[in-house]
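final24.csv follows (CSV, C-alpha atoms and all ligand atoms):
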```
chain,number,residue,atom,x,y,z
A,1,MET,CA,0.0,0.0,0.0
A,2,THR,CA,1.3,3.4,-0.9
A,3,MET,CA,1.5,6.0,1.9
A,4,ALA,CA,-0.4,8.8,0.1
A,5,PRO,CA,-3.2,8.8,-2.3
A,6,PRO,CA,-2.3,9.9,-5.9
A,7,ASN,CA,-0.9,13.4,-5.8
A,8,PHE,CA,-3.2,14.8,-8.5
A,9,ALA,CA,-6.2,14.0,-6.3
A,10,LEU,CA,-4.7,15.7,-3.3
A,11,ASP,CA,-3.7,18.7,-5.4
A,12,THR,CA,-7.4,19.4,-6.2
A,13,LEU,CA,-8.2,19.8,-2.5
A,14,ALA,CA,-8.7,23.3,-1.0
A,15,THR,CA,-7.4,22.1,2.3
A,16,ALA,CA,-3.6,22.1,3.0
A,17,VAL,CA,-2.6,18.4,3.5
A,18,LEU,CA,0.8,17.1,4.5
A,19,PHE,CA,2.0,13.6,5.1
A,20,VAL,CA,4.7,13.0,7.6
A,21,ASP,CA,6.6,9.9,8.6
A,22,ALA,CA,7.2,8.6,12.1
A,23,ASP,CA,10.0,11.1,12.6
A,24,LEU,CA,7.7,13.9,11.7
A,25,ARG,CA,9.6,14.5,8.4
A,26,ILE,CA,7.4,15.8,5.6
A,27,VAL,CA,6.9,13.1,2.9
A,28,HIS,CA,4.4,14.9,0.8
A,29,ALA,CA,2.7,18.3,0.6
A,30,ASN,CA,-0.2,19.1,-1.6
A,31,ALA,CA,-0.7,22.2,-3.7
A,32,ALA,CA,-2.9,23.9,-1.1
A,33,ALA,CA,-0.2,23.3,1.5
A,34,GLU,CA,2.4,24.9,-0.7
A,35,ASN,CA,0.1,27.8,-1.2
A,36,LEU,CA,-0.7,28.3,2.5
A,37,LEU,CA,2.8,27.9,3.7
A,38,ARG,CA,4.3,29.8,0.8
A,39,ALA,CA,6.9,27.1,0.3
A,40,SER,CA,7.5,24.7,-2.6
A,41,SER,CA,7.1,21.0,-2.1
A,42,ARG,CA,10.9,20.8,-2.7
A,43,THR,CA,11.6,22.9,0.4
A,44,LEU,CA,9.0,21.1,2.5
A,45,VAL,CA,9.7,17.4,1.7
A,46,GLY,CA,12.3,15.9,3.8
A,47,ALA,CA,12.2,18.7,6.4
A,48,PRO,CA,11.0,18.0,10.0
A,49,LEU,CA,7.5,19.5,10.3
A,50,PRO,CA,8.0,21.0,13.9
A,51,LYS,CA,10.9,23.1,12.7
A,52,PHE,CA,8.5,25.4,10.7
A,53,PHE,CA,6.5,26.3,13.8
A,54,LEU,CA,7.5,28.8,16.5
A,55,ASP,CA,6.3,26.4,19.2
A,56,CYS,CA,7.9,23.2,17.9
A,57,ALA,CA,7.4,21.5,21.2
A,58,ARG,CA,3.6,21.8,20.9
A,59,VAL,CA,3.6,20.2,17.5
A,60,ARG,CA,5.6,17.2,18.9
A,61,GLN,CA,3.2,17.0,21.8
A,62,VAL,CA,0.3,16.8,19.4
A,63,ALA,CA,2.0,14.0,17.5
A,64,ALA,CA,2.8,12.1,20.7
A,65,ARG,CA,-0.8,12.4,21.8
A,66,VAL,CA,-2.3,11.2,18.5
A,67,LEU,CA,0.1,8.3,18.6
A,68,ALA,CA,-0.8,7.4,22.2
A,69,GLU,CA,-4.6,7.7,21.7
A,70,SER,CA,-4.7,6.5,18.1
A,71,CYS,CA,-7.2,9.1,17.2
A,72,PRO,CA,-7.1,12.5,15.4
A,73,HIS,CA,-6.4,15.6,17.3
A,74,THR,CA,-6.8,19.3,16.4
A,75,GLU,CA,-4.6,22.0,17.9
A,76,HIS,CA,-5.5,25.7,17.4
A,77,GLU,CA,-3.4,28.8,17.0
A,78,LEU,CA,-0.1,27.3,16.1
A,79,VAL,CA,2.2,29.9,14.4
A,80,PHE,CA,3.9,28.8,11.2
A,81,ALA,CA,6.9,30.8,10.2
A,82,ARG,CA,6.7,31.4,6.5
A,83,ALA,CA,9.6,32.9,4.6
A,84,ASP,CA,8.4,36.4,4.9
A,85,ASN,CA,5.8,36.4,7.7
A,86,GLU,CA,3.9,34.2,10.1
A,87,VAL,CA,0.5,32.6,9.8
A,88,SER,CA,-1.6,31.3,12.6
A,89,VAL,CA,-3.1,27.9,11.7
A,90,SER,CA,-5.1,25.1,13.3
A,91,LEU,CA,-3.5,21.7,12.8
A,92,THR,CA,-5.3,18.4,12.7
A,93,ALA,CA,-3.1,15.3,12.9
A,94,SER,CA,-4.6,11.9,12.1
A,95,PRO,CA,-2.8,8.6,12.5
A,96,MET,CA,-2.2,6.5,9.4
A,97,GLN,CA,-2.5,2.7,9.3
A,98,SER,CA,0.6,2.4,7.2
A,99,PRO,CA,3.4,2.9,7.6
A,100,PRO,CA,2.9,2.8,11.4
A,101,GLY,CA,3.7,6.0,13.2
A,102,ALA,CA,3.0,8.2,10.1
A,103,PHE,CA,0.4,11.0,10.2
A,104,ALA,CA,-1.8,12.9,7.8
A,105,ILE,CA,-1.7,16.6,8.7
A,106,GLU,CA,-4.4,19.1,7.7
A,107,LEU,CA,-3.7,22.8,8.2
A,108,ARG,CA,-6.2,25.6,8.1
A,109,ALA,CA,-5.4,29.3,8.4
A,110,GLN,CA,-6.9,30.3,11.7
A,111,ASP,CA,-10.6,30.8,11.2
A,112,HIS,CA,-11.0,34.5,10.9
A,113,HIS,CA,-14.4,34.8,12.3
A,114,HIS,CA,-13.5,32.7,15.3
A,115,ARG,CA,-10.6,35.1,16.1
A,116,VAL,CA,-12.6,38.3,15.4
A,117,GLU,CA,-15.4,37.1,17.6
A,118,ARG,CA,-13.0,36.3,20.5
A,119,GLU,CA,-11.3,39.6,20.1
A,120,GLU,CA,-14.6,41.4,20.2
A,121,ARG,CA,-15.7,39.6,23.3
A,122,GLN,CA,-12.5,40.4,25.0
A,123,HIS,CA,-12.7,44.0,23.9
A,124,SER,CA,-16.2,44.6,25.3
A,125,LEU,CA,-15.3,42.8,28.6
A,126,GLN,CA,-12.2,45.0,28.9
A,127,GLU,CA,-14.2,48.2,28.1
A,128,ALA,CA,-16.7,47.3,30.8
A,129,ASN,CA,-13.9,46.7,33.3
A,130,ARG,CA,-12.3,50.0,32.4
A,131,VAL,CA,-15.5,51.9,32.9
A,132,LEU,CA,-16.0,50.2,36.2
A,133,LEU,CA,-12.5,51.1,37.3
A,134,ARG,CA,-12.8,54.6,36.2
A,135,ASN,CA,-16.0,55.2,38.1
A,136,LEU,CA,-14.5,53.5,41.2
A,137,ALA,CA,-11.3,55.7,40.9
A,138,HIS,CA,-13.5,58.8,40.8
A,139,GLU,CA,-15.4,57.7,43.9
A,140,ILE,CA,-12.1,57.0,45.7
A,141,LYS,CA,-10.4,60.2,44.6
A,142,ASN,CA,-12.9,62.7,46.0
A,143,PRO,CA,-13.1,61.5,49.7
A,144,LEU,CA,-9.3,60.9,49.5
A,145,GLY,CA,-8.7,64.6,49.3
A,146,GLY,CA,-10.9,65.1,52.4
A,147,ILE,CA,-9.1,62.4,54.3
A,148,ARG,CA,-5.7,63.9,53.5
A,149,GLY,CA,-6.8,67.4,54.4
A,150,ALA,CA,-8.2,66.3,57.7
A,151,ALA,CA,-5.0,64.3,58.6
A,152,GLN,CA,-3.0,67.5,57.9
A,153,LEU,CA,-5.2,69.6,60.2
A,154,LEU,CA,-5.0,67.0,62.9
A,155,GLN,CA,-1.2,66.9,62.5
A,156,ARG,CA,-1.0,70.6,63.3
A,157,GLU,CA,-2.9,70.0,66.5
A,158,LEU,CA,-0.6,67.2,67.6
A,159,ARG,CA,2.3,68.1,69.9
A,160,ASP,CA,3.6,64.5,70.4
A,161,ALA,CA,6.0,63.4,67.6
A,162,ASP,CA,5.0,59.8,68.1
A,163,GLN,CA,1.5,60.6,67.3
A,164,ARG,CA,2.4,62.7,64.3
A,165,GLU,CA,3.9,59.5,62.8
A,166,TYR,CA,0.4,58.2,62.5
A,167,THR,CA,-0.9,61.2,60.6
A,168,GLU,CA,2.2,61.1,58.4
A,169,VAL,CA,1.3,57.5,57.4
A,170,ILE,CA,-2.3,58.6,56.6
A,171,ILE,CA,-1.0,61.4,54.4
A,172,ALA,CA,1.7,59.3,52.7
A,173,GLU,CA,-0.8,56.5,51.9
A,174,ALA,CA,-3.4,58.9,50.7
A,175,ASP,CA,-0.8,60.4,48.3
A,176,ARG,CA,0.1,56.9,47.1
A,177,LEU,CA,-3.6,56.1,46.4
A,178,GLN,CA,-4.1,59.4,44.8
A,179,SER,CA,-1.3,58.9,42.3
A,180,LEU,CA,-2.6,55.4,41.5
A,181,MET,CA,-6.1,56.8,40.9
A,182,ASP,CA,-4.6,59.5,38.7
A,183,ARG,CA,-2.8,56.9,36.6
A,184,LEU,CA,-6.1,54.9,36.3
A,185,LEU,CA,-7.8,58.0,35.1
A,186,THR,CA,-5.3,59.4,32.6
A,187,PRO,CA,-5.4,57.2,29.5
A,188,HIS,CA,-8.7,58.6,28.3
A,189,ARG,CA,-7.6,61.6,26.3
A,190,LEU,CA,-8.7,61.1,22.7
A,191,PRO,CA,-5.8,60.6,20.2
A,192,ARG,CA,-4.5,63.6,18.4
A,193,VAL,CA,-3.7,62.2,15.0
A,194,GLU,CA,-1.1,63.5,12.6
A,195,SER,CA,1.0,61.9,9.9
A,196,ILE,CA,3.9,60.2,11.7
A,197,SER,CA,6.7,57.8,10.9
A,198,ILE,CA,6.6,54.6,13.0
A,199,HIS,CA,10.3,54.4,12.8
A,200,GLU,CA,10.8,57.8,14.4
A,201,VAL,CA,8.5,56.6,17.2
A,202,LEU,CA,10.5,53.4,17.6
A,203,GLU,CA,13.8,55.2,17.5
A,204,ARG,CA,12.7,57.4,20.4
A,205,VAL,CA,11.5,54.3,22.3
A,206,ARG,CA,14.8,52.6,21.6
A,207,ALA,CA,16.8,55.6,23.0
A,208,LEU,CA,14.7,55.6,26.1
A,209,LEU,CA,15.0,51.9,26.6
A,210,LEU,CA,18.8,52.1,26.2
A,211,ALA,CA,19.0,54.8,28.8
A,212,ASP,CA,16.7,52.9,31.1
A,213,SER,CA,18.7,49.7,30.8
A,214,ALA,CA,21.9,51.5,31.8
A,215,THR,CA,20.2,52.3,35.1
A,216,LEU,CA,18.5,48.9,35.5
A,217,HIS,CA,21.2,46.5,34.4
A,218,GLY,CA,24.2,48.6,35.0
A,219,ASP,CA,25.2,48.1,31.4
A,220,SER,CA,23.5,48.3,28.0
A,221,ILE,CA,21.2,45.9,26.4
A,222,GLU,CA,20.9,45.0,22.7
A,223,VAL,CA,17.9,46.6,21.1
A,224,GLU,CA,17.9,45.3,17.5
A,225,ARG,CA,16.1,47.1,14.8
A,226,ASP,CA,14.4,45.1,12.1
A,227,TYR,CA,12.6,47.8,10.2
A,228,ASP,CA,10.9,47.7,6.8
A,229,VAL,CA,11.9,51.2,5.8
A,230,SER,CA,9.6,51.1,2.8
A,231,LEU,CA,6.6,51.5,5.1
A,232,PRO,CA,4.5,54.7,4.6
A,233,GLN,CA,3.7,57.2,7.2
A,234,LEU,CA,0.6,56.5,9.4
A,235,LEU,CA,-2.1,58.7,10.9
A,236,ALA,CA,-1.7,58.4,14.7
A,237,ASP,CA,-1.0,60.1,18.0
A,238,ARG,CA,2.7,60.2,18.3
A,239,GLU,CA,2.9,60.5,22.1
A,240,GLN,CA,0.4,57.7,22.6
A,241,LEU,CA,2.3,55.3,20.3
A,242,ILE,CA,5.6,56.2,22.1
A,243,GLN,CA,3.8,55.2,25.4
A,244,VAL,CA,2.5,52.0,23.9
A,245,PHE,CA,5.9,50.7,22.8
A,246,LEU,CA,7.7,52.1,25.8
A,247,ASN,CA,5.3,50.2,28.1
A,248,ILE,CA,5.8,47.0,26.1
A,249,GLY,CA,9.6,47.5,25.8
A,250,ARG,CA,10.0,48.3,29.5
A,251,ASN,CA,8.3,45.1,30.5
A,252,ALA,CA,10.6,43.2,28.1
A,253,MET,CA,13.6,44.9,29.7
A,254,GLN,CA,12.5,44.1,33.2
A,255,ALA,CA,11.9,40.5,32.3
A,256,LEU,CA,15.5,40.4,31.0
A,257,ALA,CA,17.0,41.6,34.2
A,258,GLY,CA,19.8,39.4,35.5
A,259,ARG,CA,20.0,37.3,32.3
A,260,ASP,CA,22.8,36.8,29.7
A,261,HIS,CA,22.5,37.8,26.0
A,262,ARG,CA,19.7,40.2,26.6
A,263,ARG,CA,18.1,41.2,23.4
A,264,ILE,CA,15.0,43.1,22.4
A,265,THR,CA,14.0,43.3,18.7
A,266,LEU,CA,11.8,46.0,17.3
A,267,ARG,CA,10.3,44.8,14.1
A,268,THR,CA,8.1,46.6,11.5
A,269,ARG,CA,6.3,44.9,8.6
A,270,ALA,CA,3.3,45.4,6.4
A,271,ALA,CA,0.5,43.0,7.3
A,272,ARG,CA,-1.8,42.0,4.4
A,273,GLN,CA,-5.5,41.5,4.5
A,274,VAL,CA,-6.3,42.1,8.2
A,275,THR,CA,-9.5,43.0,9.9
A,276,LEU,CA,-9.2,45.7,12.5
A,277,ALA,CA,-12.3,47.1,14.4
A,278,ARG,CA,-14.5,45.3,11.9
A,279,GLN,CA,-12.8,47.0,9.0
A,280,ARG,CA,-11.0,45.0,6.4
A,281,HIS,CA,-7.6,46.5,5.4
A,282,ARG,CA,-5.7,45.4,2.4
A,283,VAL,CA,-2.6,46.4,4.2
A,284,ALA,CA,-1.9,47.5,7.8
A,285,LEU,CA,1.1,48.2,9.9
A,286,LYS,CA,2.5,45.4,12.1
A,287,VAL,CA,5.0,46.2,14.9
A,288,GLN,CA,6.5,43.5,17.0
A,289,VAL,CA,8.5,43.8,20.2
A,290,ILE,CA,10.3,40.5,20.8
A,291,ASP,CA,12.5,39.6,23.8
A,292,ASN,CA,14.5,36.5,24.6
A,293,GLY,CA,13.5,36.6,28.3
A,294,PRO,CA,11.9,33.9,30.5
A,295,GLY,CA,8.4,34.5,29.1
A,296,ILE,CA,5.2,35.5,30.8
A,297,PRO,CA,4.2,33.3,33.7
A,298,ALA,CA,1.5,30.9,32.6
A,299,ASP,CA,-1.0,31.9,35.2
A,300,LEU,CA,-0.8,35.6,34.1
A,301,ARG,CA,-0.8,35.0,30.3
A,302,GLN,CA,-4.6,35.3,29.9
A,303,ARG,CA,-4.9,38.4,32.1
A,304,ILE,CA,-1.9,40.6,31.4
A,305,PHE,CA,-3.9,43.3,29.6
A,306,TYR,CA,-6.3,43.7,32.5
A,307,PRO,CA,-5.6,46.7,34.7
A,308,LEU,CA,-3.8,46.0,38.1
A,309,VAL,CA,-2.6,42.6,36.9
A,310,SER,CA,1.2,42.4,37.6
A,311,GLY,CA,3.7,39.7,38.1
A,312,ARG,CA,6.2,42.1,39.7
A,313,GLU,CA,6.3,43.0,43.3
A,314,ASP,CA,6.5,46.7,42.7
A,315,GLY,CA,4.4,46.6,39.5
A,316,SER,CA,1.3,48.7,39.0
A,317,GLY,CA,-0.2,46.4,36.4
A,318,LEU,CA,-1.2,49.4,34.3
A,319,GLY,CA,1.4,49.4,31.6
A,320,LEU,CA,-0.2,46.9,29.2
A,321,SER,CA,-3.7,48.1,30.0
A,322,ILE,CA,-2.8,51.6,29.0
A,323,ALA,CA,-1.0,50.3,25.9
A,324,GLN,CA,-4.1,48.4,25.0
A,325,THR,CA,-6.4,51.3,25.5
A,326,TYR,CA,-4.3,53.5,23.2
A,327,VAL,CA,-4.0,50.8,20.5
A,328,HIS,CA,-7.8,50.3,20.6
A,329,GLN,CA,-8.4,54.1,20.4
A,330,HIS,CA,-6.4,53.8,17.1
A,331,ASN,CA,-8.7,51.0,16.0
A,332,GLY,CA,-5.7,48.6,16.3
A,333,LEU,CA,-5.1,45.3,17.9
A,334,ILE,CA,-2.5,44.2,20.4
A,335,ASP,CA,-1.7,40.6,21.1
A,336,CYS,CA,1.0,38.6,22.7
A,337,GLU,CA,2.6,35.1,22.3
A,338,SER,CA,5.0,33.9,24.9
A,339,THR,CA,7.2,30.9,25.5
A,340,PRO,CA,10.3,30.7,27.6
A,341,GLY,CA,13.0,32.3,25.5
A,342,ARG,CA,10.7,34.2,23.2
A,343,THR,CA,8.0,36.7,24.1
A,344,CYS,CA,6.5,38.6,21.2
A,345,PHE,CA,4.0,41.5,21.4
A,346,THR,CA,2.3,42.3,18.2
A,347,VAL,CA,0.5,45.6,17.5
A,348,LEU,CA,-1.5,46.0,14.3
A,349,LEU,CA,-2.5,49.5,13.3
A,350,PRO,CA,-4.4,50.8,10.3
A,351,PHE,CA,-2.3,53.2,8.2
A,352,ASN,CA,-4.9,55.6,7.2
A,353,HIS,CA,-8.0,55.1,9.2
A,354,PRO,CA,-8.4,58.0,11.6
A,355,PRO,CA,-9.2,56.8,15.1
A,356,ALA,CA,-12.8,57.1,16.2
A,357,GLY,CA,-13.5,60.6,17.7
A,358,ALA,CA,-10.4,62.1,16.2
A,359,GLN,CA,-10.7,65.4,14.4
B,1,LIG,N1,8.1,40.7,27.9
B,1,LIG,C1,7.6,40.1,29.0
B,1,LIG,N2,8.2,39.0,29.6
B,1,LIG,C2,7.7,38.5,30.7
B,1,LIG,N3,6.7,38.9,31.4
B,1,LIG,C3,6.0,40.0,30.9
B,1,LIG,C4,6.4,40.7,29.7
B,1,LIG,N4,5.6,41.7,29.5
B,1,LIG,C5,4.7,41.7,30.5
B,1,LIG,N5,4.9,40.7,31.4
B,1,LIG,C6,4.2,40.4,32.6
B,1,LIG,O1,2.9,41.1,32.5
B,1,LIG,C7,2.8,41.8,33.7
B,1,LIG,C8,1.9,43.1,33.5
B,1,LIG,O2,2.6,44.1,32.8
B,1,LIG,P1,2.2,45.6,33.0
B,1,LIG,O3,0.7,45.7,32.6
B,1,LIG,O4,3.1,46.4,32.2
B,1,LIG,O5,2.3,45.9,34.5
B,1,LIG,P2,3.6,46.0,35.4
B,1,LIG,O6,4.8,46.2,34.5
B,1,LIG,O7,3.4,47.2,36.3
B,1,LIG,O8,3.7,44.8,36.2
B,1,LIG,C9,4.2,42.1,34.2
B,1,LIG,O9,4.2,42.3,35.6
B,1,LIG,C10,4.9,40.8,33.9
B,1,LIG,O10,4.7,39.8,34.8
B,2,MG,MG,5.0,47.4,32.9
```
Would you mind writing the structure in this file as structure tokens?
Ligand SMILES: Nc1ncnc2c1ncn2[C@@H]1O[C@H](COP(=O)(O)OP(=O)(O)O)[C@@H](O)[C@H]1O
Ligand SMILES: [Mg+2]
Amino acid sequence: MTMAPPNFALDTLATAVLFVDADLRIVHANAAAENLLRASSRTLVGAPLPKFFLDCARVRQVAARVLAESCPHTEHELVFARADNEVSVSLTASPMQSPPGAFAIELRAQDHHHRVEREERQHSLQEANRVLLRNLAHEIKNPLGGIRGAAQLLQRELRDADQREYTEVIIAEADRLQSLMDRLLTPHRLPRVESISIHEVLERVRALLLADSATLHGDSIEVERDYDVSLPQLLADREQLIQVFLNIGRNAMQALAGRDHRRITLRTRAARQVTLARQRHRVALKVQVIDNGPGIPADLRQRIFYPLVSGREDGSGLGLSIAQTYVHQHNGLIDCESTPGRTCFTVLLPFNHPPAGAQ
């Protein structure tokens, strides 16, 4: 029995199909697979399948599971590294009778609707959270001024230095809360859009990161530029974008503290055919901030964009929440993938679509 059905039949399928042997080496790729992966059959055949994925361990795990359970399994949101960009796919592996240990693999570009729907759900949940927090912050801020003022008056009345220590604690804590509330309330200025160069923004962020790292690590860190200089200008709020990439970059730098070969990469690319805020864009801007740090702790991964979620003892948990607010105000998207050794934040922004509410 031959391992694969006749090639011409497979080549008529719209689904990307690969056959791999027991070592997960690709034995055959149909035309749809070549198309989806933007690689010729010649490049694919003979190469180990996992090596094409960012998370090769997960592909191996799927294979091991299929083998152990002898039934097909589908894994979603695996990222396949194409020659010029990445594509998120769902992968179904089915065991084959012969030769033993071989698999048939079906790949589908991640269902767009599924993703859009999930993002919209997340978006509205986060908006609701933000409104709640904002209202709460207002409610706390007002009486806080009164508490602080009263403590100050009381302090003047007190003769005993020991007792004054108590009023000092009240004042200091009121100040701390006040500044936290202020930070919760700030990000709601509407973007002021102008035509800007993303690389100018990133260069500024890079300079700030380098200066920061000298203080944090005592020496400098490598901040690599991987820019597509042919990208056009975009309509955006310069200050807000600086804040977005600075917040992401600072987290990366903090995650790299105490490690060797610290590297942050700032990457810009054109993203083709993306949907942002329900609008289809033929081309949009993709900016990635990649670090080779330990990765985001698994228990935080789903929640990092929520306000007040922090993995650091002295963290405020506001950095990514603010970044996300700004990106959404620009009708963009922010997302993150993280495994130990590689954390990548991706920001997608429309080039020419003025943010809602902007003049
Ligand atoms: N590049 C990264 N590598 C590892 N962990 C990260 C990275 N970026 C963010 N995190 C995690 O996400 C948390 C939330 O980040 P953020 O919203 O900026 O708040 P903060 O920096 O004040 O903790 C961080 O505390 C950290 O645990
Ligand atoms: Mg932060």
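Nearest to Cys71 (chain A) of all the residues A:Leu133, A:Leu285, A:Leu91, A:Met96 is A:Met96, based on all atoms listed in the file.
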Might you pull out every residue within 12 Å of Ile198 (chain A), with only C-alpha atoms counted and same-chain residues fewer than 3 positions away left off, and present them as a ChimeraX atom specification?
/A:194-195,201-205,227-242,244-245,266-270,285-288,347-351
Among listed residues A:Gly258, A:Gly341, A:Gly249, A:Pro297, nearest ligand MG 2 (chain B) (using only C-alpha atoms and all ligand atoms)
A:Gly249
Residues within 6 Å of ligand MG 2 (chain B), counting only C-alpha atoms and all ligand atoms: report them as a CSV table (one decimal) with C-alpha atoms, in the frame of the given file.
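The file below, out-v3.csv, is the result:
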```csv
chain,number,residue,atom,x,y,z
A,247,ASN,CA,5.3,50.2,28.1
A,251,ASN,CA,8.3,45.1,30.5
A,319,GLY,CA,1.4,49.4,31.6
```
Test item: residues lying within 8 Å of ligand LIG 1 (chain B) with only C-alpha atoms and all ligand atoms, as a PyMOL selection string:
chain A and resi 247-256+290-291+293-297+300-301+304-322+338+343-345
Could you name the residues that touch Val283 (chain A) at 6 Å or less, counting all atoms listed in the file, but leaving out those on the same chain fewer than 6 positions away, as a list in words?
Ala271, Arg272 and Gln273 of chain A
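Nearest-residue note for Leu276 (chain A): choosing from A:Asn331, A:Gln110, A:Gln324, A:Asn292, the minimum distance belongs to A:Asn331, counting only C-alpha atoms.
CA of Pro48 (chain A) is found 16.7 Å from CA of Ala16 (chain A).
Using all atoms listed in the file, the shortest contact distance between Ala83 (chain A) and any of A:Asn129, A:Thr167, A:Ser124, A:Thr43 is found at A:Thr43.
Contact shell of Ala172 (chain A) at 12 Å (all atoms listed in the file; same-chain neighbours under 3 positions omitted): Leu144, Ile147, Arg148, Gly149, Ala151, Gln152, Glu165, Tyr166, Thr167, Glu168, Val169, Asp175, Arg176, Leu177, Gln178 and Ser179 of chain A.
Of note, CA of Arg164 (chain A) and CA of Gly146 (chain A) are spaced 18.0 Å apart.
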Interatomic distance (Å, one decimal) between CA of Thr92 (chain A) and CA of His73 (chain A)
5.5 Å
Show me, as a tab-separated table, the residues of region 157-210 of chain A having an atom within 9 Å of region 134-140 of chain A, each with the closest atom pair and its distance in Å, using all atoms listed in the file.
```
residue	atom	partner	partner_atom	distance
A:Leu177	CA	A:Ile140	CA	8.6
A:Gln178	CA	A:Ile140	CA	8.4
A:Leu180	CA	A:Ala137	CA	8.7
A:Met181	CA	A:Ala137	CA	5.3
A:Asp182	CA	A:Ala137	CA	8.0
A:Leu184	CA	A:Arg134	CA	6.7
A:Leu185	CA	A:Arg134	CA	6.1
```
Expected file: the selected residues, C-alpha atoms, as a short mmCIF file (atom, residue, chain, number, x, y, z; two decimals), in the coordinates of the input:
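So the final result, stored in selection.cif, reads:
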```cif
data_model
loop_
_atom_site.label_atom_id
_atom_site.label_comp_id
_atom_site.auth_asym_id
_atom_site.auth_seq_id
_atom_site.Cartn_x
_atom_site.Cartn_y
_atom_site.Cartn_z
CA LEU A 177 -3.60 56.10 46.40
CA GLN A 178 -4.10 59.40 44.80
CA LEU A 180 -2.60 55.40 41.50
CA MET A 181 -6.10 56.80 40.90
CA ASP A 182 -4.60 59.50 38.70
CA LEU A 184 -6.10 54.90 36.30
CA LEU A 185 -7.80 58.00 35.10
#
```
Can you pull out the residues contacting His328 (chain A)? Cut-off 9 Å, using only C-alpha atoms, and skip same-chain residues under 5 positions away; I want them as a PDB file with C-alpha atoms, in the coordinates of the input.
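So result-v7.pdb came out as:
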```pdb
ATOM      1  CA  HIS A 123     -12.700  44.000  23.900  1.00  0.00           C
ATOM      2  CA  ALA A 277     -12.300  47.100  14.400  1.00  0.00           C
ATOM      3  CA  ALA A 323      -1.000  50.300  25.900  1.00  0.00           C
ATOM      4  CA  LEU A 333      -5.100  45.300  17.900  1.00  0.00           C
ATOM      5  CA  ILE A 334      -2.500  44.200  20.400  1.00  0.00           C
ATOM      6  CA  PRO A 355      -9.200  56.800  15.100  1.00  0.00           C
TER       7      PRO A 355
END
```
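Closest approach to Gln97 (chain A) among A:Asp162, A:Asp21, A:Glu173, A:Glu34: A:Asp21, based on all atoms listed in the file.
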Residue list as a PDB file with C-alpha atoms, in the coordinates of the input for point (13.7, 19.2, -0.1), cut-off 12 Å, all atoms listed in the file:
```pdb
ATOM      1  CA  ARG A  25       9.600  14.500   8.400  1.00  0.00           C
ATOM      2  CA  ILE A  26       7.400  15.800   5.600  1.00  0.00           C
ATOM      3  CA  VAL A  27       6.900  13.100   2.900  1.00  0.00           C
ATOM      4  CA  HIS A  28       4.400  14.900   0.800  1.00  0.00           C
ATOM      5  CA  ALA A  29       2.700  18.300   0.600  1.00  0.00           C
ATOM      6  CA  ALA A  39       6.900  27.100   0.300  1.00  0.00           C
ATOM      7  CA  SER A  40       7.500  24.700  -2.600  1.00  0.00           C
ATOM      8  CA  SER A  41       7.100  21.000  -2.100  1.00  0.00           C
ATOM      9  CA  ARG A  42      10.900  20.800  -2.700  1.00  0.00           C
ATOM     10  CA  THR A  43      11.600  22.900   0.400  1.00  0.00           C
ATOM     11  CA  LEU A  44       9.000  21.100   2.500  1.00  0.00           C
ATOM     12  CA  VAL A  45       9.700  17.400   1.700  1.00  0.00           C
ATOM     13  CA  GLY A  46      12.300  15.900   3.800  1.00  0.00           C
ATOM     14  CA  ALA A  47      12.200  18.700   6.400  1.00  0.00           C
ATOM     15  CA  PRO A  48      11.000  18.000  10.000  1.00  0.00           C
TER      16      PRO A  48
END
```
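Restricting the calculation to all atoms listed in the file, the smallest distance between Asp23 (chain A) and any of A:Arg130, A:His199, A:Arg38, A:Arg60 is found for A:Arg60.
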Might I get the box with edges along x, y and z of the file that holds all atoms of region 321-329 of chain A listed there, padded by 5 Å on every side, given as centre and edge lengths in Å to one decimal, as AutoDock Vina command-line options?
```
--center_x -4.7 --center_y 51.1 --center_z 25.2 --size_x 17.4 --size_y 16.0 --size_z 19.6
```
Written-out region 118-130 of chain A (C-alpha atoms) as a short mmCIF file (atom, residue, chain, number, x, y, z; two decimals), in the first residue's frame:
```cif
data_model
loop_
_atom_site.label_atom_id
_atom_site.label_comp_id
_atom_site.auth_asym_id
_atom_site.auth_seq_id
_atom_site.Cartn_x
_atom_site.Cartn_y
_atom_site.Cartn_z
CA ARG A 118 -13.03 36.25 20.45
CA GLU A 119 -11.30 39.59 20.15
CA GLU A 120 -14.59 41.45 20.20
CA ARG A 121 -15.73 39.60 23.28
CA GLN A 122 -12.47 40.44 24.98
CA HIS A 123 -12.69 44.00 23.86
CA SER A 124 -16.16 44.58 25.31
CA LEU A 125 -15.26 42.84 28.56
CA GLN A 126 -12.23 45.05 28.91
CA GLU A 127 -14.20 48.16 28.11
CA ALA A 128 -16.69 47.26 30.83
CA ASN A 129 -13.86 46.69 33.28
CA ARG A 130 -12.31 49.97 32.41
#
```
